[in-house]
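Remarks on the structure that follows.
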Amino acid sequence: MNPLYENGVRAVTVRPAEPGDLDAVLTIRNDAIEHGTALWTDTPQTRDEGAAWLGAHLGRGSAYVAERGGAVVGFGVYGPWKDYSGFRHTVENSVYVAEGHHGHGIGSALLGTLVTSASAAGLHVMIAGIEAGNAASVRLHQRHGFEHAGTVREVGTKFGRWLDLTLMRRQLNSAPPS
């Protein structure tokens, strides 16, 4: 299989996720839950919960992993933004990079792949919901053509403090809905 993205300097390859990636993805996801403010929950995902979550993305073809040296060092997914049929052309993305691998273009490679994949799937808009203090994620999304759509103050909590949610959007396709 040809890699979807390679950065020759850092040799990161992005490919579609597979069921065998579950443990690596779950490790990255649970680290973000336990130590960060990107996922607004205090409860790590069990293996069964992670398998169901990843399985839904695999079924849609909307999950990707980044590898470096044969190890999964990040993942990205997109999925429905809202469950109502009127939102069926809009998706939300999530990109996570393993601790110790930030700043090497992995998040950018993943986000670029998600945008390309969602565009090819005929989706109209991609949304990013970002903890407002996460300047690196805001910059990443801006570099990929996302625009600030608003910030909602104090709508989440974690680690004993209120969190603001910045919404960003990128139009993918302009074809009228079907």
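The way I read the labels, and the way they are meant: chains A, B, ... in the order of the structure tokens, residue 1 as the first residue of every chain, and ligand 1 as the first ligand shown, with later ones counted on from there.
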Taking only chain A into account, list the residues labelled helix (DSSP H, G or I) by DSSP (computed from the backbone), as a ChimeraX atom specification. /A:19-35,47-60,85-87,106-120,135-143
Output as an NGL selection string all residues of region 7-124 of chain A that backbone DSSP marks as strand (DSSP E or B). :A and (12-16 or 63-68 or 71-80 or 90-97)
Selection above as a file: N, CA and C atoms, as a PDB file, in the first residue's frame:
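Printed below is part.pdb as written:
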ATOM      1  N   VAL A  12       7.199  10.221   8.477  1.00  0.00           N
ATOM      2  CA  VAL A  12       5.916   9.842   9.055  1.00  0.00           C
ATOM      3  C   VAL A  12       5.009   9.406   7.910  1.00  0.00           C
ATOM      4  N   THR A  13       4.334   8.300   8.108  1.00  0.00           N
ATOM      5  CA  THR A  13       3.419   7.770   7.112  1.00  0.00           C
ATOM      6  C   THR A  13       2.025   7.746   7.704  1.00  0.00           C
ATOM      7  N   VAL A  14       1.059   8.257   6.954  1.00  0.00           N
ATOM      8  CA  VAL A  14      -0.339   8.209   7.373  1.00  0.00           C
ATOM      9  C   VAL A  14      -1.036   7.180   6.505  1.00  0.00           C
ATOM     10  N   ARG A  15      -1.787   6.304   7.155  1.00  0.00           N
ATOM     11  CA  ARG A  15      -2.515   5.253   6.443  1.00  0.00           C
ATOM     12  C   ARG A  15      -3.874   5.048   7.100  1.00  0.00           C
ATOM     13  N   PRO A  16      -4.809   4.410   6.390  1.00  0.00           N
ATOM     14  CA  PRO A  16      -6.087   4.090   7.019  1.00  0.00           C
ATOM     15  C   PRO A  16      -5.867   3.196   8.246  1.00  0.00           C
ATOM     16  N   ALA A  63     -11.017   6.861   9.747  1.00  0.00           N
ATOM     17  CA  ALA A  63      -9.980   6.761  10.787  1.00  0.00           C
ATOM     18  C   ALA A  63      -8.627   6.513  10.132  1.00  0.00           C
ATOM     19  N   TYR A  64      -7.630   7.251  10.596  1.00  0.00           N
ATOM     20  CA  TYR A  64      -6.271   7.155  10.059  1.00  0.00           C
ATOM     21  C   TYR A  64      -5.275   7.141  11.201  1.00  0.00           C
ATOM     22  N   VAL A  65      -4.144   6.494  10.966  1.00  0.00           N
ATOM     23  CA  VAL A  65      -3.057   6.514  11.941  1.00  0.00           C
ATOM     24  C   VAL A  65      -1.794   7.024  11.272  1.00  0.00           C
ATOM     25  N   ALA A  66      -0.935   7.622  12.089  1.00  0.00           N
ATOM     26  CA  ALA A  66       0.383   8.060  11.640  1.00  0.00           C
ATOM     27  C   ALA A  66       1.408   7.114  12.248  1.00  0.00           C
ATOM     28  N   GLU A  67       2.310   6.652  11.416  1.00  0.00           N
ATOM     29  CA  GLU A  67       3.378   5.757  11.868  1.00  0.00           C
ATOM     30  C   GLU A  67       4.735   6.403  11.641  1.00  0.00           C
ATOM     31  N   ARG A  68       5.611   6.123  12.560  1.00  0.00           N
ATOM     32  CA  ARG A  68       7.015   6.497  12.402  1.00  0.00           C
ATOM     33  C   ARG A  68       7.826   5.316  12.915  1.00  0.00           C
ATOM     34  N   ALA A  71       5.875   2.330  14.390  1.00  0.00           N
ATOM     35  CA  ALA A  71       5.023   2.511  15.573  1.00  0.00           C
ATOM     36  C   ALA A  71       3.961   3.570  15.301  1.00  0.00           C
ATOM     37  N   VAL A  72       2.759   3.345  15.803  1.00  0.00           N
ATOM     38  CA  VAL A  72       1.695   4.331  15.687  1.00  0.00           C
ATOM     39  C   VAL A  72       2.000   5.466  16.657  1.00  0.00           C
ATOM     40  N   VAL A  73       2.118   6.694  16.115  1.00  0.00           N
ATOM     41  CA  VAL A  73       2.462   7.857  16.930  1.00  0.00           C
ATOM     42  C   VAL A  73       1.376   8.929  16.901  1.00  0.00           C
ATOM     43  N   GLY A  74       0.263   8.623  16.262  1.00  0.00           N
ATOM     44  CA  GLY A  74      -0.857   9.562  16.232  1.00  0.00           C
ATOM     45  C   GLY A  74      -2.017   8.953  15.483  1.00  0.00           C
ATOM     46  N   PHE A  75      -3.183   9.572  15.669  1.00  0.00           N
ATOM     47  CA  PHE A  75      -4.358   9.132  14.923  1.00  0.00           C
ATOM     48  C   PHE A  75      -5.270  10.325  14.680  1.00  0.00           C
ATOM     49  N   GLY A  76      -6.095  10.194  13.676  1.00  0.00           N
ATOM     50  CA  GLY A  76      -7.081  11.213  13.354  1.00  0.00           C
ATOM     51  C   GLY A  76      -8.351  10.550  12.860  1.00  0.00           C
ATOM     52  N   VAL A  77      -9.471  11.140  13.221  1.00  0.00           N
ATOM     53  CA  VAL A  77     -10.770  10.634  12.788  1.00  0.00           C
ATOM     54  C   VAL A  77     -11.675  11.812  12.446  1.00  0.00           C
ATOM     55  N   TYR A  78     -12.698  11.529  11.656  1.00  0.00           N
ATOM     56  CA  TYR A  78     -13.793  12.469  11.521  1.00  0.00           C
ATOM     57  C   TYR A  78     -15.088  11.676  11.583  1.00  0.00           C
ATOM     58  N   GLY A  79     -16.100  12.324  12.106  1.00  0.00           N
ATOM     59  CA  GLY A  79     -17.391  11.660  12.235  1.00  0.00           C
ATOM     60  C   GLY A  79     -18.500  12.683  12.285  1.00  0.00           C
ATOM     61  N   PRO A  80     -19.727  12.206  12.375  1.00  0.00           N
ATOM     62  CA  PRO A  80     -20.872  13.111  12.371  1.00  0.00           C
ATOM     63  C   PRO A  80     -20.741  14.205  13.429  1.00  0.00           C
ATOM     64  N   THR A  90     -21.986  17.473   7.364  1.00  0.00           N
ATOM     65  CA  THR A  90     -21.004  18.147   8.219  1.00  0.00           C
ATOM     66  C   THR A  90     -20.376  17.130   9.160  1.00  0.00           C
ATOM     67  N   VAL A  91     -19.057  17.176   9.279  1.00  0.00           N
ATOM     68  CA  VAL A  91     -18.329  16.271  10.160  1.00  0.00           C
ATOM     69  C   VAL A  91     -17.436  17.067  11.098  1.00  0.00           C
ATOM     70  N   GLU A  92     -17.039  16.413  12.178  1.00  0.00           N
ATOM     71  CA  GLU A  92     -16.103  16.996  13.140  1.00  0.00           C
ATOM     72  C   GLU A  92     -14.844  16.148  13.150  1.00  0.00           C
ATOM     73  N   ASN A  93     -13.695  16.803  13.234  1.00  0.00           N
ATOM     74  CA  ASN A  93     -12.439  16.054  13.247  1.00  0.00           C
ATOM     75  C   ASN A  93     -11.835  16.002  14.644  1.00  0.00           C
ATOM     76  N   SER A  94     -10.996  15.006  14.839  1.00  0.00           N
ATOM     77  CA  SER A  94     -10.180  14.865  16.042  1.00  0.00           C
ATOM     78  C   SER A  94      -8.808  14.366  15.612  1.00  0.00           C
ATOM     79  N   VAL A  95      -7.763  15.014  16.110  1.00  0.00           N
ATOM     80  CA  VAL A  95      -6.386  14.634  15.790  1.00  0.00           C
ATOM     81  C   VAL A  95      -5.611  14.563  17.104  1.00  0.00           C
ATOM     82  N   TYR A  96      -4.916  13.459  17.322  1.00  0.00           N
ATOM     83  CA  TYR A  96      -4.128  13.269  18.538  1.00  0.00           C
ATOM     84  C   TYR A  96      -2.759  12.714  18.183  1.00  0.00           C
ATOM     85  N   VAL A  97      -1.739  13.253  18.822  1.00  0.00           N
ATOM     86  CA  VAL A  97      -0.361  12.824  18.611  1.00  0.00           C
ATOM     87  C   VAL A  97       0.173  12.320  19.946  1.00  0.00           C
TER      88      VAL A  97
END
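Counting from CA of Trp162 (chain A), the distance to CA of Thr41 (chain A) is 12.8 Å.
Each of A:Asp48, A:Gly112, A:Leu22, A:Ala121 was compared to Arg60 (chain A) using only C-alpha atoms, and A:Ala121 turns out to be the nearest.
Take the candidates A:Glu49, A:Glu99, A:Asp42, A:Glu131 and check each one against Lys158 (chain A) using only C-alpha atoms; the shortest distance goes to A:Asp42.
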Would you work out the distance separating CA of Gly69 (chain A) from CA of Ala11 (chain A), expressed in Å to one decimal? 7.7 Å
For Arg47 (chain A), list every protein, DNA or RNA residue within 9 Å, evaluated using only C-alpha atoms, and leave out those in the same chain fewer than 4 positions away; present the list as a PyMOL selection string. chain A and resi 22-23+26+51-52
Those same residues, written as an mmCIF file, in the first residue's frame with all heavy atoms?
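Output contents, as saved in part_15.cif:
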data_model
loop_
_atom_site.group_PDB
_atom_site.id
_atom_site.type_symbol
_atom_site.label_atom_id
_atom_site.label_comp_id
_atom_site.auth_asym_id
_atom_site.auth_seq_id
_atom_site.Cartn_x
_atom_site.Cartn_y
_atom_site.Cartn_z
ATOM 1 N N LEU A 22 -6.019 -0.744 17.420
ATOM 2 C CA LEU A 22 -6.819 -0.361 18.587
ATOM 3 C C LEU A 22 -5.970 -0.057 19.816
ATOM 4 O O LEU A 22 -6.151 0.984 20.453
ATOM 5 C CB LEU A 22 -7.860 -1.434 18.923
ATOM 6 C CG LEU A 22 -8.648 -1.186 20.214
ATOM 7 C CD1 LEU A 22 -9.445 0.114 20.120
ATOM 8 C CD2 LEU A 22 -9.544 -2.371 20.518
ATOM 9 N N ASP A 23 -5.061 -0.930 20.183
ATOM 10 C CA ASP A 23 -4.312 -0.728 21.423
ATOM 11 C C ASP A 23 -3.475 0.548 21.378
ATOM 12 O O ASP A 23 -3.439 1.305 22.350
ATOM 13 C CB ASP A 23 -3.437 -1.942 21.736
ATOM 14 C CG ASP A 23 -4.265 -3.155 22.150
ATOM 15 O OD1 ASP A 23 -5.367 -2.958 22.702
ATOM 16 O OD2 ASP A 23 -3.817 -4.287 21.905
ATOM 17 N N LEU A 26 -5.893 3.538 21.511
ATOM 18 C CA LEU A 26 -6.458 3.641 22.852
ATOM 19 C C LEU A 26 -5.434 4.193 23.850
ATOM 20 O O LEU A 26 -5.779 4.993 24.728
ATOM 21 C CB LEU A 26 -6.968 2.272 23.301
ATOM 22 C CG LEU A 26 -7.921 2.227 24.475
ATOM 23 C CD1 LEU A 26 -9.135 3.114 24.257
ATOM 24 C CD2 LEU A 26 -8.367 0.788 24.724
ATOM 25 N N ALA A 51 -12.989 -0.201 21.165
ATOM 26 C CA ALA A 51 -13.235 -1.023 19.976
ATOM 27 C C ALA A 51 -14.516 -0.586 19.275
ATOM 28 O O ALA A 51 -14.565 -0.509 18.043
ATOM 29 C CB ALA A 51 -13.297 -2.495 20.356
ATOM 30 N N ALA A 52 -15.555 -0.284 20.045
ATOM 31 C CA ALA A 52 -16.820 0.177 19.447
ATOM 32 C C ALA A 52 -16.631 1.535 18.779
ATOM 33 O O ALA A 52 -17.107 1.768 17.660
ATOM 34 C CB ALA A 52 -17.905 0.234 20.512
#
The distance between CA of Leu58 (chain A) and CA of Asp21 (chain A) is 10.8 Å
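Closest approach to Leu110 (chain A) among A:Gln171, A:Thr157, A:Ser85, A:Ser62: A:Ser62, based on only C-alpha atoms.
Checking A:Arg161, A:Ala118, A:Ala135, A:Met168 one by one against Glu147 (chain A), counting only C-alpha atoms, you find the shortest gap at A:Met168.
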Using only C-alpha atoms, the residue out of A:Ala17, A:Ala98, A:Ala175, A:Leu140 with shortest distance to His35 (chain A) is A:Ala98
Spatial neighbours of Arg153 (chain A), max dist 9 Å, only C-alpha atoms, sep filter under 2 positions, as a PDB file with all heavy atoms, in the first residue's frame:
ATOM      1  N   ALA A 132     -10.141  26.294  24.029  1.00  0.00           N
ATOM      2  CA  ALA A 132      -9.702  27.616  23.572  1.00  0.00           C
ATOM      3  C   ALA A 132      -8.249  27.942  23.922  1.00  0.00           C
ATOM      4  O   ALA A 132      -7.608  28.720  23.213  1.00  0.00           O
ATOM      5  CB  ALA A 132     -10.634  28.691  24.137  1.00  0.00           C
ATOM      6  N   THR A 151     -16.343  31.253  19.887  1.00  0.00           N
ATOM      7  CA  THR A 151     -15.880  30.632  21.122  1.00  0.00           C
ATOM      8  C   THR A 151     -17.017  30.683  22.129  1.00  0.00           C
ATOM      9  O   THR A 151     -17.621  31.729  22.338  1.00  0.00           O
ATOM     10  CB  THR A 151     -14.636  31.349  21.682  1.00  0.00           C
ATOM     11  OG1 THR A 151     -13.580  31.228  20.711  1.00  0.00           O
ATOM     12  CG2 THR A 151     -14.176  30.731  22.996  1.00  0.00           C
ATOM     13  N   VAL A 155     -18.152  26.148  28.841  1.00  0.00           N
ATOM     14  CA  VAL A 155     -19.135  25.099  28.562  1.00  0.00           C
ATOM     15  C   VAL A 155     -18.653  23.709  28.985  1.00  0.00           C
ATOM     16  O   VAL A 155     -19.407  22.746  28.892  1.00  0.00           O
ATOM     17  CB  VAL A 155     -19.539  25.084  27.066  1.00  0.00           C
ATOM     18  CG1 VAL A 155     -20.292  26.345  26.711  1.00  0.00           C
ATOM     19  CG2 VAL A 155     -18.331  24.885  26.162  1.00  0.00           C
ATOM     20  N   GLY A 156     -17.417  23.607  29.433  1.00  0.00           N
ATOM     21  CA  GLY A 156     -16.884  22.336  29.897  1.00  0.00           C
ATOM     22  C   GLY A 156     -16.049  22.545  31.141  1.00  0.00           C
ATOM     23  O   GLY A 156     -15.685  23.674  31.490  1.00  0.00           O
ATOM     24  N   TRP A 162     -13.116  25.740  34.571  1.00  0.00           N
ATOM     25  CA  TRP A 162     -14.004  25.864  33.424  1.00  0.00           C
ATOM     26  C   TRP A 162     -13.180  25.951  32.154  1.00  0.00           C
ATOM     27  O   TRP A 162     -12.101  26.544  32.138  1.00  0.00           O
ATOM     28  CB  TRP A 162     -14.889  27.112  33.542  1.00  0.00           C
ATOM     29  CG  TRP A 162     -15.901  26.992  34.631  1.00  0.00           C
ATOM     30  CD1 TRP A 162     -15.911  27.659  35.822  1.00  0.00           C
ATOM     31  CD2 TRP A 162     -17.039  26.137  34.646  1.00  0.00           C
ATOM     32  NE1 TRP A 162     -16.987  27.272  36.568  1.00  0.00           N
ATOM     33  CE2 TRP A 162     -17.700  26.328  35.870  1.00  0.00           C
ATOM     34  CE3 TRP A 162     -17.569  25.210  33.747  1.00  0.00           C
ATOM     35  CZ2 TRP A 162     -18.861  25.650  36.220  1.00  0.00           C
ATOM     36  CZ3 TRP A 162     -18.725  24.532  34.093  1.00  0.00           C
ATOM     37  CH2 TRP A 162     -19.350  24.761  35.308  1.00  0.00           C
ATOM     38  N   LEU A 163     -13.712  25.378  31.083  1.00  0.00           N
ATOM     39  CA  LEU A 163     -13.040  25.390  29.794  1.00  0.00           C
ATOM     40  C   LEU A 163     -13.924  26.053  28.743  1.00  0.00           C
ATOM     41  O   LEU A 163     -15.140  25.876  28.735  1.00  0.00           O
ATOM     42  CB  LEU A 163     -12.723  23.961  29.341  1.00  0.00           C
ATOM     43  CG  LEU A 163     -11.834  23.138  30.269  1.00  0.00           C
ATOM     44  CD1 LEU A 163     -11.730  21.703  29.767  1.00  0.00           C
ATOM     45  CD2 LEU A 163     -10.466  23.769  30.402  1.00  0.00           C
ATOM     46  N   ASP A 164     -13.283  26.821  27.862  1.00  0.00           N
ATOM     47  CA  ASP A 164     -13.962  27.457  26.740  1.00  0.00           C
ATOM     48  C   ASP A 164     -13.739  26.605  25.492  1.00  0.00           C
ATOM     49  O   ASP A 164     -12.670  26.024  25.310  1.00  0.00           O
ATOM     50  CB  ASP A 164     -13.401  28.856  26.482  1.00  0.00           C
ATOM     51  CG  ASP A 164     -13.543  29.788  27.668  1.00  0.00           C
ATOM     52  OD1 ASP A 164     -14.381  29.519  28.554  1.00  0.00           O
ATOM     53  OD2 ASP A 164     -12.808  30.796  27.709  1.00  0.00           O
ATOM     54  N   LEU A 165     -14.747  26.574  24.624  1.00  0.00           N
ATOM     55  CA  LEU A 165     -14.670  25.793  23.397  1.00  0.00           C
ATOM     56  C   LEU A 165     -14.622  26.730  22.194  1.00  0.00           C
ATOM     57  O   LEU A 165     -15.545  27.513  21.973  1.00  0.00           O
ATOM     58  CB  LEU A 165     -15.883  24.867  23.271  1.00  0.00           C
ATOM     59  CG  LEU A 165     -15.912  23.963  22.041  1.00  0.00           C
ATOM     60  CD1 LEU A 165     -14.784  22.928  22.111  1.00  0.00           C
ATOM     61  CD2 LEU A 165     -17.264  23.276  21.931  1.00  0.00           C
ATOM     62  N   THR A 166     -13.537  26.648  21.440  1.00  0.00           N
ATOM     63  CA  THR A 166     -13.414  27.393  20.195  1.00  0.00           C
ATOM     64  C   THR A 166     -13.851  26.483  19.054  1.00  0.00           C
ATOM     65  O   THR A 166     -13.370  25.354  18.934  1.00  0.00           O
ATOM     66  CB  THR A 166     -11.964  27.873  19.974  1.00  0.00           C
ATOM     67  OG1 THR A 166     -11.671  28.870  20.951  1.00  0.00           O
ATOM     68  CG2 THR A 166     -11.769  28.457  18.585  1.00  0.00           C
TER      69      THR A 166
END
Please provide the set of residues having any atom within 7 Å of Leu167 (chain A), restricted to only C-alpha atoms, with same-chain residues fewer than 3 positions apart removed, written as number ranges by chain. A: 127-130, 148-151
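With only C-alpha atoms as the atoms that count, the minimum distance from Thr46 (chain A) to the choices A:Gln142, A:Asn30, A:Asn134, A:Asn173 is reached by A:Asn30.
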